[in-house]
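Right, one structure below, let's go through it.
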4 protein chains.
Amino acid sequence: MTLRGYTGPLSPDGRAAIVPPPPWHYSGDFLIVEYRADPDAVAALLPPELEPAAEEGAMAAIFADWQSCSADLHELVDPINAQYHEFFLLCGCRFEGEPASRCLYIWVDKDFSMFRGWIQGFPKRLGSIHMTRTFAAGWAAPRLEPGARFGATCAAGDRQIARAEVTLERISETGPTVNQPPMHNTRLFPAAAGLRPDVFELVRAGGRDREVSDVWEGSASLRLYDDTLEDLAHLAPREVLRGFRFSFGYTVDGTEVVARHDAEALARATRDSGEGL
Amino acid sequence: MTLRGYTGPLSPDGRAAIVPPPPWHYSGDFLIVEYRADPDAVAALLPPELEPAAEEGAMAAIFADWQSCSADLHELVDPINAQYHEFFLLCGCRFEGEPASRCLYIWVDKDFSMFRGWIQGFPKRLGSIHMTRTFAAGWAAPRLEPGARFGATCAAGDRQIARAEVTLERISETGPTVNQPPMHNTRLFPAAAGLRPDVFELVRAGGRDREVSDVWEGSASLRLYDDTLEDLAHLAPREVLRGFRFSFGYTVDGTEVVARHDAEALARATRDSGEGL
Amino acid sequence: MTLRGYTGPLSPDGRAAIVPPPPWHYSGDFLIVEYRADPDAVAALLPPELEPAAEEGAMAAIFADWQSCSADLHELVDPINAQYHEFFLLCGCRFEGEPASRCLYIWVDKDFSMFRGWIQGFPKRLGSIHMTRTFAAGWAAPRLEPGARFGATCAAGDRQIARAEVTLERISETGPTVNQPPMHNTRLFPAAAGLRPDVFELVRAGGRDREVSDVWEGSASLRLYDDTLEDLAHLAPREVLRGFRFSFGYTVDGTEVVARHDAEALARATRDSGEGL
Amino acid sequence: MTLRGYTGPLSPDGRAAIVPPPPWHYSGDFLIVEYRADPDAVAALLPPELEPAAEEGAMAAIFADWQSCSADLHELVDPINAQYHEFFLLCGCRFEGEPASRCLYIWVDKDFSMFRGWIQGFPKRLGSIHMTRTFAAGWAAPRLEPGARFGATCAAGDRQIARAEVTLERISETGPTVNQPPMHNTRLFPAAAGLRPDVFELVRAGGRDREVSDVWEGSASLRLYDDTLEDLAHLAPREVLRGFRFSFGYTVDGTEVVARHDAEALARATRDSGEGL
């Protein structure tokens, strides 16, 4: 075969692919608000392989302002193909008795990140995501210091998703905790026909060469909106905990399959919802 | 399993999925420019299961202005989730000796259509696509009549892709021909790790309840741009043939697998390109 | 002077201008929901030259899906420079004892329309606006017939503005009424320094060569959202009346100044709000 | 008058205005490529009050990645209303014998910045602008050090405008020079009817509390594209000079009128171009 590509579109030199092969390098700024949601609502979003976390209803609302690239770094000088923003809702959970986390919903503002996400088990939709930045000069940017305020918003498909604000207090000793255990996401790719997916597996996210800046923490607010395609009202904050702000970088080589989900059961359940074939 | 969904994100009622289960209904307006490209450049983009068309280098540049929905039509009153625009480059080819066609590159402006495309073997990227419309009143719209001019553009990632123009002459007796034989696209979904895809198969597009308006034809111009991620310069027009404008609707229930591609060969070829693991 | 232009940017041939000189031709499809808001909230948005309408609190929420062009029609084959969507909130009012209307808030999705609007007294912001379309083929489009449902949404700056739905019942005998009397909008352009605007005048919108299709009417719903920069909660529907759907075209040569607003009084009021210099 | 606002839309509390009153604070990162264009093409874009620069054909292509806010800083926690990107082409020139500069063309990605620009004499269109960023962690970001590469692109209306790249070499002793003298831009706002503008004046940009980081300089490349509404081919680089990268902040209170342009002459010239009334 003279065609090449880690993904389509295939081409003689492979460069037309929407996602280049790993490794993928990432550098980004994060704004996180940890909170507690209704434990039953969180549990209802877990596949059978995952159990609720010890800290019931533990959630993190995570905004990220990313730059990423592949091995030869060529995207960095073509920044529209390197930069993107992301918002996701992460819950704590357990896998085989060990602490884990899971990305429940996620929005991103670029196509390459959307498809690269699906490959890794992040069920990404497009959205509009913005978060306050710090700059080295001028009055129009908070610095990393007590009292500095950072805001963030996410909207998708003409619908508001989330709004958050964090006021920095001090450098954190612990950092955020819900996102500490490895993410256990679901890779799902439908079949050419029918409701039984061709790919349906639980994967554990990894990554190497992790680098993190000082983590600032402080008080936080968070609002999830009610007129969304996803049932976010059920995941809304019952109690807002702390907010965090930091920079982070790492490299991803792929992800690890830790279980096969039951594709037949999914097909049956989806069909029974009255929405299917 | 209490989770449902044709795709992720999975949720208790399945409604969070980025793509609802088929059937999918489509209604749209089309602007097509048929042209001839370098036959070798076209042949170099075919997988081994497909052979060049009898009419060598036969290509169609296709702009579509779509509305689509699932079985219960609910997207139609939430139009941001129903409407999208698309531009694709289609070549003529043969499969098992029979006339066929293949989508080489395609751009779309909505996430649900992008992922639904990947499921059906369309390697979609996001782009910005615009095409002239006709309206029932006023001077600012061509009507369907001789001399009416329709234009269209596509850009993606701050790069220009294509610009076309068609001047209507008469109702066509034949209609466009390159896109007449069934499309044979490639479904490709990478594995959790490594370059050997989990899904890699040749599929034949179908569809039922096809409805088409009168097809207008006329003279046409087409420009493909040279500063693109895809090697479009090689596919540029050597000769521009006719342009066509019409409305079309159909319903899709899925697609049919007609061959398994060689995933190991793809992995080997991609690795040899020096871009991989 | 060798520079030309109806607006900037000026250039030797005048073609770089963001808005070409009038006449401007318009063709579009409209979805309108008439409703009643709190009369005091509406009155509070009128300048002193305008009085409340006889029908107190009369409002129209108007979605428009436009194509426009200048005298030589060149934008029509460059459709990204011809097409745009618009949503606006219009109130009934009176000027010198005669029925009038006024655009209170308006959102649009293209720059040329935004600036052309400011020239005519429409205080346009950018937004994302979508409305259901009808197509000539396929299941994914309502036709113009009883029972057909049309939806529309507007969002701006990651905030939801409005959502509407109209179910067609019959061809209307009266058509919509709130937007019938001429619009009386305010042209405002600040000075180089200070709060006293250089341009601040009441203008009456006109237009010629008006063409309108059959107007369909039916039942309607409308929601305005509460987390907006503008105080839309005060303008929310107390009673939703009828919905309308039609096509409309006309040509605009400019607008007519009918009064000078008091620029000094505006500067004083704005300064007193504690937001100014 | 009970309405308030520095601009429309007017409202009882003035908060609906698309641009709040000055002062406006700005913080941003800059990527600049200085180059020489055809001196005649540059001179043809100057109004009669400005003369060509001593260094003939001196130009700067400037990308800026901004955050801005008004006096109470409230936009900073609503970042979609604070952040924007900008690309502009600046030429050197002279006013009354003194060195000056002028913004010839400019693109921006937010509405509030577009309209605030027009108030200050920047003839802004919407565009898509991206420039490489530096982050505090990870491999996917250049640091400020010799060899670091920064890229930037601008597109507008499905058309490519510019692509630049700068490779840092050292901290600059001089910094960029074309943009050093004060900008002399043209404020232009059309009349309600006719081609003679209501506002048409030459203004000198100012600003206070200027703060600038170390300025890095290095080798650069720049491409302007040819299929644009503006005649950028005439302004294309004949010689590319140096590139610069730095952070900058300042505060703007308004701008200073230094001359009235001849509105009647502009109207006459525009009419003579055969495009007008």
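Following the order of the structure tokens, first chain is A, next is B, and so on, with residues numbered from 1 inside each chain and ligands from 1 in the order they appear.
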Discussion item. So that I can check the surroundings of Gly138 in chain B, please list as a PyMOL selection string every protein, DNA and RNA residue that reaches within 10 Å of it, counting only C-alpha atoms and ignoring chain neighbours fewer than 5 positions away.
Written reply: chain C and resi 25-28+67-68+209-213+247-251
Resulting file, chosen residues, C-alpha atoms, as a CSV table (one decimal), in the first residue's frame:
```csv
chain,number,residue,atom,x,y,z
C,25,HIS,CA,-29.7,44.9,-1.8
C,26,TYR,CA,-31.1,42.4,0.7
C,27,SER,CA,-32.9,39.0,0.4
C,28,GLY,CA,-33.8,37.0,3.4
C,67,GLN,CA,-27.9,37.5,1.8
C,68,SER,CA,-27.0,41.0,0.8
C,209,ASP,CA,-38.3,47.8,-4.0
C,210,ARG,CA,-39.9,45.8,-1.1
C,211,GLU,CA,-40.9,42.3,-2.0
C,212,VAL,CA,-42.5,39.8,0.4
C,213,SER,CA,-43.6,36.2,0.0
C,247,SER,CA,-39.2,35.7,2.8
C,248,PHE,CA,-38.5,39.4,2.2
C,249,GLY,CA,-36.3,41.5,0.0
C,250,TYR,CA,-35.6,45.2,-0.3
C,251,THR,CA,-33.0,47.8,-1.2
```
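Counting only C-alpha atoms, Ile171 in chain B has the following residues at most 10 Å away, ignoring those fewer than 3 positions along the same chain: Leu144, Glu145, Pro146, Leu168, Thr174, Gly175, Asp214, Val215, Trp216, Glu217, Gly218, Phe244, Arg245 and Phe246 of chain B.
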Worksheet item: Residues at most 6 Å from Thr255 in chain D, counting only C-alpha atoms, excluding those fewer than 6 positions away in the same chain, as a ChimeraX atom specification?
Response: /C:192-193 /D:205
Only N, CA, C and O atoms, please: the residues just picked out, written as a compact mmCIF listing (two decimals), in the first residue's frame.
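Heads up, here's the output in out-v6.txt:
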```
# COMPACT_ATOMS: atom_id res chain seq x y z
N ALA C 192 -13.26 61.34 19.47
CA ALA C 192 -11.90 60.84 19.66
C ALA C 192 -11.55 60.76 21.14
O ALA C 192 -10.80 59.88 21.57
N ALA C 193 -12.11 61.65 21.93
CA ALA C 193 -11.87 61.61 23.38
C ALA C 193 -13.12 62.11 24.08
O ALA C 193 -13.89 62.91 23.53
N ALA D 205 -2.44 58.48 18.04
CA ALA D 205 -2.62 57.55 19.15
C ALA D 205 -1.66 57.89 20.28
O ALA D 205 -0.54 58.34 20.04
```
Worksheet item: Any idea what the distance is between CA of Tyr225 in chain D and CA of Gly157 in chain D?
Response: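 Interatomic distance here is 13.2 Å.
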With chain B held fixed, move chain D onto it by a least-squares fit of all C-alpha atoms in order and give the output as a compact mmCIF listing (two decimals) with C-alpha atoms, in the first residue's frame.
```
# COMPACT_ATOMS: atom_id res chain seq x y z
CA MET D 1 -25.21 -1.60 31.76
CA THR D 2 -27.27 1.48 32.48
CA LEU D 3 -25.36 3.63 30.01
CA ARG D 4 -26.68 4.20 26.53
CA GLY D 5 -25.38 5.79 23.35
CA TYR D 6 -24.65 5.11 19.72
CA THR D 7 -21.44 7.07 20.35
CA GLY D 8 -19.99 8.74 23.41
CA PRO D 9 -20.53 10.54 25.57
CA LEU D 10 -22.57 7.72 27.12
CA SER D 11 -25.38 8.68 29.45
CA PRO D 12 -28.37 7.04 31.14
CA ASP D 13 -30.78 8.09 28.40
CA GLY D 14 -28.32 8.12 25.48
CA ARG D 15 -29.14 11.69 24.56
CA ALA D 16 -25.65 13.06 25.25
CA ALA D 17 -24.16 11.11 22.32
CA ILE D 18 -22.52 13.36 19.71
CA VAL D 19 -24.17 11.25 16.98
CA PRO D 20 -27.60 9.69 17.46
CA PRO D 21 -28.24 6.24 16.00
CA PRO D 22 -29.29 5.96 12.35
CA PRO D 23 -31.42 6.46 10.36
CA TRP D 24 -30.16 9.92 9.46
CA HIS D 25 -32.22 12.10 7.14
CA TYR D 26 -30.52 14.66 4.91
CA SER D 27 -31.77 17.61 2.84
CA GLY D 28 -29.38 19.87 0.98
CA ASP D 29 -28.36 22.10 -1.88
CA PHE D 30 -25.37 21.14 -4.04
CA LEU D 31 -22.88 23.00 -6.18
CA ILE D 32 -20.57 20.71 -8.15
CA VAL D 33 -17.70 21.40 -10.52
CA GLU D 34 -16.44 18.44 -12.51
CA TYR D 35 -12.86 18.55 -13.74
CA ARG D 36 -9.85 16.50 -14.76
CA ALA D 37 -6.74 16.22 -12.60
CA ASP D 38 -3.43 14.47 -13.19
CA PRO D 39 -4.43 10.76 -13.40
CA ASP D 40 -1.26 9.69 -11.58
CA ALA D 41 -1.98 12.00 -8.66
CA VAL D 42 -5.50 10.59 -8.39
CA ALA D 43 -4.29 7.00 -8.64
CA ALA D 44 -1.75 7.62 -5.88
CA LEU D 45 -4.62 8.35 -3.50
CA LEU D 46 -6.44 5.03 -4.07
CA PRO D 47 -6.09 2.05 -1.74
CA PRO D 48 -5.08 -1.21 -3.42
CA GLU D 49 -8.67 -2.44 -3.56
CA LEU D 50 -9.64 0.36 -5.94
CA GLU D 51 -8.51 0.92 -9.53
CA PRO D 52 -8.46 4.14 -11.55
CA ALA D 53 -11.64 5.09 -13.39
CA ALA D 54 -12.09 4.53 -17.09
CA GLU D 55 -12.17 8.30 -17.50
CA GLU D 56 -8.72 8.97 -16.12
CA GLY D 57 -8.32 11.78 -13.64
CA ALA D 58 -12.07 12.38 -13.35
CA MET D 59 -12.78 14.52 -10.32
CA ALA D 60 -15.67 16.43 -8.76
CA ALA D 61 -15.38 19.37 -6.37
CA ILE D 62 -18.59 19.27 -4.36
CA PHE D 63 -20.04 21.95 -2.09
CA ALA D 64 -23.09 21.03 -0.03
CA ASP D 65 -25.32 23.14 2.19
CA TRP D 66 -27.06 20.63 4.46
CA GLN D 67 -29.72 20.14 7.05
CA SER D 68 -29.84 16.71 8.69
CA CYS D 69 -31.63 15.01 11.55
CA SER D 70 -32.26 11.69 13.22
CA ALA D 71 -35.42 9.56 13.25
CA ASP D 72 -37.56 11.77 15.48
CA LEU D 73 -36.52 14.97 13.61
CA HIS D 74 -35.82 16.79 16.89
CA GLU D 75 -32.72 18.52 15.51
CA LEU D 76 -34.83 20.45 13.00
CA VAL D 77 -36.11 22.88 15.64
CA ASP D 78 -32.60 23.20 17.15
CA PRO D 79 -31.03 24.23 13.85
CA ILE D 80 -27.45 24.67 15.10
CA ASN D 81 -27.54 20.89 15.55
CA ALA D 82 -29.06 20.26 12.13
CA GLN D 83 -27.27 22.59 9.70
CA TYR D 84 -23.81 22.30 8.26
CA HIS D 85 -21.79 22.95 5.13
CA GLU D 86 -19.40 20.58 3.45
CA PHE D 87 -16.80 20.64 0.69
CA PHE D 88 -15.21 17.52 -0.71
CA LEU D 89 -13.02 16.29 -3.50
CA LEU D 90 -14.33 13.12 -5.09
CA CYS D 91 -12.58 11.00 -7.69
CA GLY D 92 -13.92 8.42 -10.05
CA CYS D 93 -12.51 4.87 -9.63
CA ARG D 94 -13.47 1.19 -9.97
CA PHE D 95 -14.10 -1.57 -7.44
CA GLU D 96 -14.10 -5.18 -8.68
CA GLY D 97 -14.42 -3.86 -12.20
CA GLU D 98 -17.50 -1.74 -11.51
CA PRO D 99 -17.60 2.05 -11.61
CA ALA D 100 -17.17 3.61 -8.17
CA SER D 101 -16.19 6.90 -6.60
CA ARG D 102 -14.17 7.87 -3.54
CA CYS D 103 -14.04 10.87 -1.22
CA LEU D 104 -10.39 11.90 -1.02
CA TYR D 105 -10.59 14.98 1.21
CA ILE D 106 -13.53 16.58 2.95
CA TRP D 107 -14.19 19.58 5.19
CA VAL D 108 -17.28 20.33 7.29
CA ASP D 109 -18.30 23.05 9.75
CA LYS D 110 -19.97 21.11 12.58
CA ASP D 111 -18.76 18.51 15.07
CA PHE D 112 -21.69 16.09 14.80
CA SER D 113 -21.24 15.88 11.05
CA MET D 114 -17.50 15.46 11.42
CA PHE D 115 -17.82 12.46 13.70
CA ARG D 116 -20.77 10.98 11.78
CA GLY D 117 -18.58 11.29 8.72
CA TRP D 118 -15.70 9.33 10.27
CA ILE D 119 -18.17 6.56 11.15
CA GLN D 120 -19.11 6.36 7.46
CA GLY D 121 -15.56 6.61 6.10
CA PHE D 122 -15.43 10.33 5.34
CA PRO D 123 -12.11 11.66 6.72
CA LYS D 124 -13.55 15.03 7.74
CA ARG D 125 -11.69 18.04 9.04
CA LEU D 126 -13.31 21.24 10.15
CA GLY D 127 -13.46 24.03 7.62
CA SER D 128 -15.37 27.15 6.71
CA ILE D 129 -17.59 26.56 3.69
CA HIS D 130 -19.93 29.03 2.01
CA MET D 131 -22.08 28.78 -1.11
CA THR D 132 -24.47 31.22 -2.74
CA ARG D 133 -28.14 30.63 -1.91
CA THR D 134 -31.32 31.47 -3.69
CA PHE D 135 -34.13 33.25 -1.84
CA ALA D 136 -37.75 33.82 -2.74
CA ALA D 137 -37.60 37.64 -2.65
CA GLY D 138 -35.28 40.57 -3.32
CA TRP D 139 -32.34 41.42 -5.57
CA ALA D 140 -29.64 39.81 -3.44
CA ALA D 141 -30.19 36.25 -4.61
CA PRO D 142 -29.88 34.52 -7.94
CA ARG D 143 -32.94 32.60 -9.10
CA LEU D 144 -32.74 29.24 -10.85
CA GLU D 145 -32.57 30.57 -14.40
CA PRO D 146 -30.07 30.96 -17.22
CA GLY D 147 -27.30 33.41 -16.34
CA ALA D 148 -27.64 32.99 -12.57
CA ARG D 149 -24.23 32.84 -10.88
CA PHE D 150 -23.42 30.73 -7.82
CA GLY D 151 -20.09 30.91 -5.98
CA ALA D 152 -18.55 28.85 -3.21
CA THR D 153 -15.44 28.89 -1.03
CA CYS D 154 -13.73 26.60 1.45
CA ALA D 155 -10.98 27.44 3.93
CA ALA D 156 -9.62 25.44 6.86
CA GLY D 157 -7.16 26.24 9.61
CA ASP D 158 -6.34 29.72 8.25
CA ARG D 159 -5.60 28.19 4.84
CA GLN D 160 -7.56 28.60 1.62
CA ILE D 161 -8.74 25.32 0.10
CA ALA D 162 -11.00 26.04 -2.86
CA ARG D 163 -13.03 28.64 -4.74
CA ALA D 164 -15.60 27.78 -7.41
CA GLU D 165 -18.17 29.53 -9.54
CA VAL D 166 -20.96 28.16 -11.72
CA THR D 167 -23.09 30.14 -14.19
CA LEU D 168 -26.35 28.34 -14.90
CA GLU D 169 -27.28 27.71 -18.52
CA ARG D 170 -30.06 25.13 -18.61
CA ILE D 171 -31.65 22.18 -16.92
CA SER D 172 -29.23 19.30 -17.41
CA GLU D 173 -30.20 16.12 -19.18
CA THR D 174 -27.47 14.01 -17.61
CA GLY D 175 -26.61 15.71 -14.34
CA PRO D 176 -23.17 15.25 -12.81
CA THR D 177 -21.52 11.91 -13.51
CA VAL D 178 -18.43 11.47 -11.33
CA ASN D 179 -20.51 11.15 -8.17
CA GLN D 180 -23.05 8.78 -9.71
CA PRO D 181 -21.40 5.44 -8.88
CA PRO D 182 -21.43 4.50 -5.18
CA MET D 183 -18.74 5.99 -2.96
CA HIS D 184 -16.15 3.58 -1.61
CA ASN D 185 -14.59 5.19 1.42
CA THR D 186 -12.29 3.97 4.18
CA ARG D 187 -13.33 3.67 7.80
CA LEU D 188 -10.23 4.03 9.98
CA PHE D 189 -10.01 4.21 13.75
CA PRO D 190 -6.61 3.92 15.44
CA ALA D 191 -5.82 1.49 18.21
CA ALA D 192 -5.27 2.58 21.80
CA ALA D 193 -1.55 2.33 21.11
CA GLY D 194 0.62 1.75 18.06
CA LEU D 195 0.15 2.46 14.37
CA ARG D 196 -1.99 -0.56 13.46
CA PRO D 197 -5.61 0.67 13.36
CA ASP D 198 -8.42 -1.19 15.12
CA VAL D 199 -10.88 -0.41 12.33
CA PHE D 200 -9.67 -0.24 8.72
CA GLU D 201 -12.17 -1.28 6.11
CA LEU D 202 -13.52 -0.28 2.74
CA VAL D 203 -17.20 0.62 2.85
CA ARG D 204 -19.76 1.29 0.15
CA ALA D 205 -22.12 4.19 0.83
CA GLY D 206 -25.78 3.64 0.27
CA GLY D 207 -28.93 5.49 1.20
CA ARG D 208 -32.61 5.27 0.43
CA ASP D 209 -35.54 7.55 -0.29
CA ARG D 210 -33.41 9.58 -2.65
CA GLU D 211 -35.09 12.69 -3.96
CA VAL D 212 -33.55 15.16 -6.35
CA SER D 213 -34.73 18.43 -7.85
CA ASP D 214 -34.13 19.56 -11.40
CA VAL D 215 -30.39 19.70 -11.98
CA TRP D 216 -29.11 22.92 -13.55
CA GLU D 217 -25.84 22.89 -15.42
CA GLY D 218 -23.56 25.55 -16.82
CA SER D 219 -20.02 26.81 -17.23
CA ALA D 220 -17.71 26.66 -14.23
CA SER D 221 -14.41 27.77 -12.75
CA LEU D 222 -12.44 26.15 -9.94
CA ARG D 223 -9.28 27.03 -8.04
CA LEU D 224 -7.55 24.80 -5.51
CA TYR D 225 -4.95 26.54 -3.37
CA ASP D 226 -1.34 25.55 -2.79
CA ASP D 227 -0.60 26.37 0.84
CA THR D 228 -2.61 23.50 2.34
CA LEU D 229 -1.81 20.61 4.67
CA GLU D 230 -3.08 18.24 1.99
CA ASP D 231 -1.23 18.16 -1.31
CA LEU D 232 -4.00 19.83 -3.30
CA ALA D 233 -1.62 21.23 -5.90
CA HIS D 234 -1.32 17.74 -7.35
CA LEU D 235 -5.11 17.49 -7.63
CA ALA D 236 -5.57 20.91 -9.21
CA PRO D 237 -7.67 21.18 -12.39
CA ARG D 238 -5.96 20.45 -15.67
CA GLU D 239 -9.29 20.99 -17.38
CA VAL D 240 -12.47 22.34 -15.83
CA LEU D 241 -15.62 20.73 -17.22
CA ARG D 242 -19.19 21.59 -16.29
CA GLY D 243 -20.85 22.90 -13.17
CA PHE D 244 -24.11 21.71 -11.61
CA ARG D 245 -26.60 23.03 -9.05
CA PHE D 246 -29.50 21.08 -7.51
CA SER D 247 -31.27 20.07 -4.31
CA PHE D 248 -31.05 16.56 -2.94
CA GLY D 249 -32.38 14.54 -0.02
CA TYR D 250 -31.95 10.99 1.21
CA THR D 251 -31.83 8.77 4.27
CA VAL D 252 -28.86 6.73 5.51
CA ASP D 253 -29.10 3.65 7.72
CA GLY D 254 -25.40 2.82 7.88
CA THR D 255 -22.83 1.71 5.38
CA GLU D 256 -21.74 -1.65 3.97
CA VAL D 257 -18.30 -3.20 4.50
CA VAL D 258 -16.99 -4.52 1.17
CA ALA D 259 -13.36 -5.27 2.06
CA ARG D 260 -10.89 -5.32 4.94
CA HIS D 261 -7.86 -3.14 4.28
CA ASP D 262 -4.47 -4.43 5.38
CA ALA D 263 -3.92 -2.76 8.74
CA GLU D 264 -0.45 -4.19 9.17
CA ALA D 265 0.68 -2.81 5.82
CA LEU D 266 -0.63 0.63 6.72
CA ALA D 267 1.23 0.55 10.03
CA ARG D 268 4.41 -0.48 8.26
CA ALA D 269 4.10 2.20 5.58
CA THR D 270 3.32 4.90 8.10
CA ARG D 271 6.25 3.88 10.29
CA ASP D 272 8.55 3.92 7.27
CA SER D 273 7.60 7.48 6.51
CA GLY D 274 9.72 8.43 9.45
CA GLU D 275 6.84 10.03 11.23
CA GLY D 276 5.87 7.20 13.54
CA LEU D 277 6.87 5.33 16.64
```
Item to complete: Based on DSSP run over this structure's backbone, return all residues of range 10-250 of chain D in strand (DSSP E or B), as a ChimeraX atom specification.
Response: /D:11,24-36,50-52,58-70,83-95,98-108,124-126,128-131,149-156,159-171,183-189,193,199-204,208-212,216-224,239-250
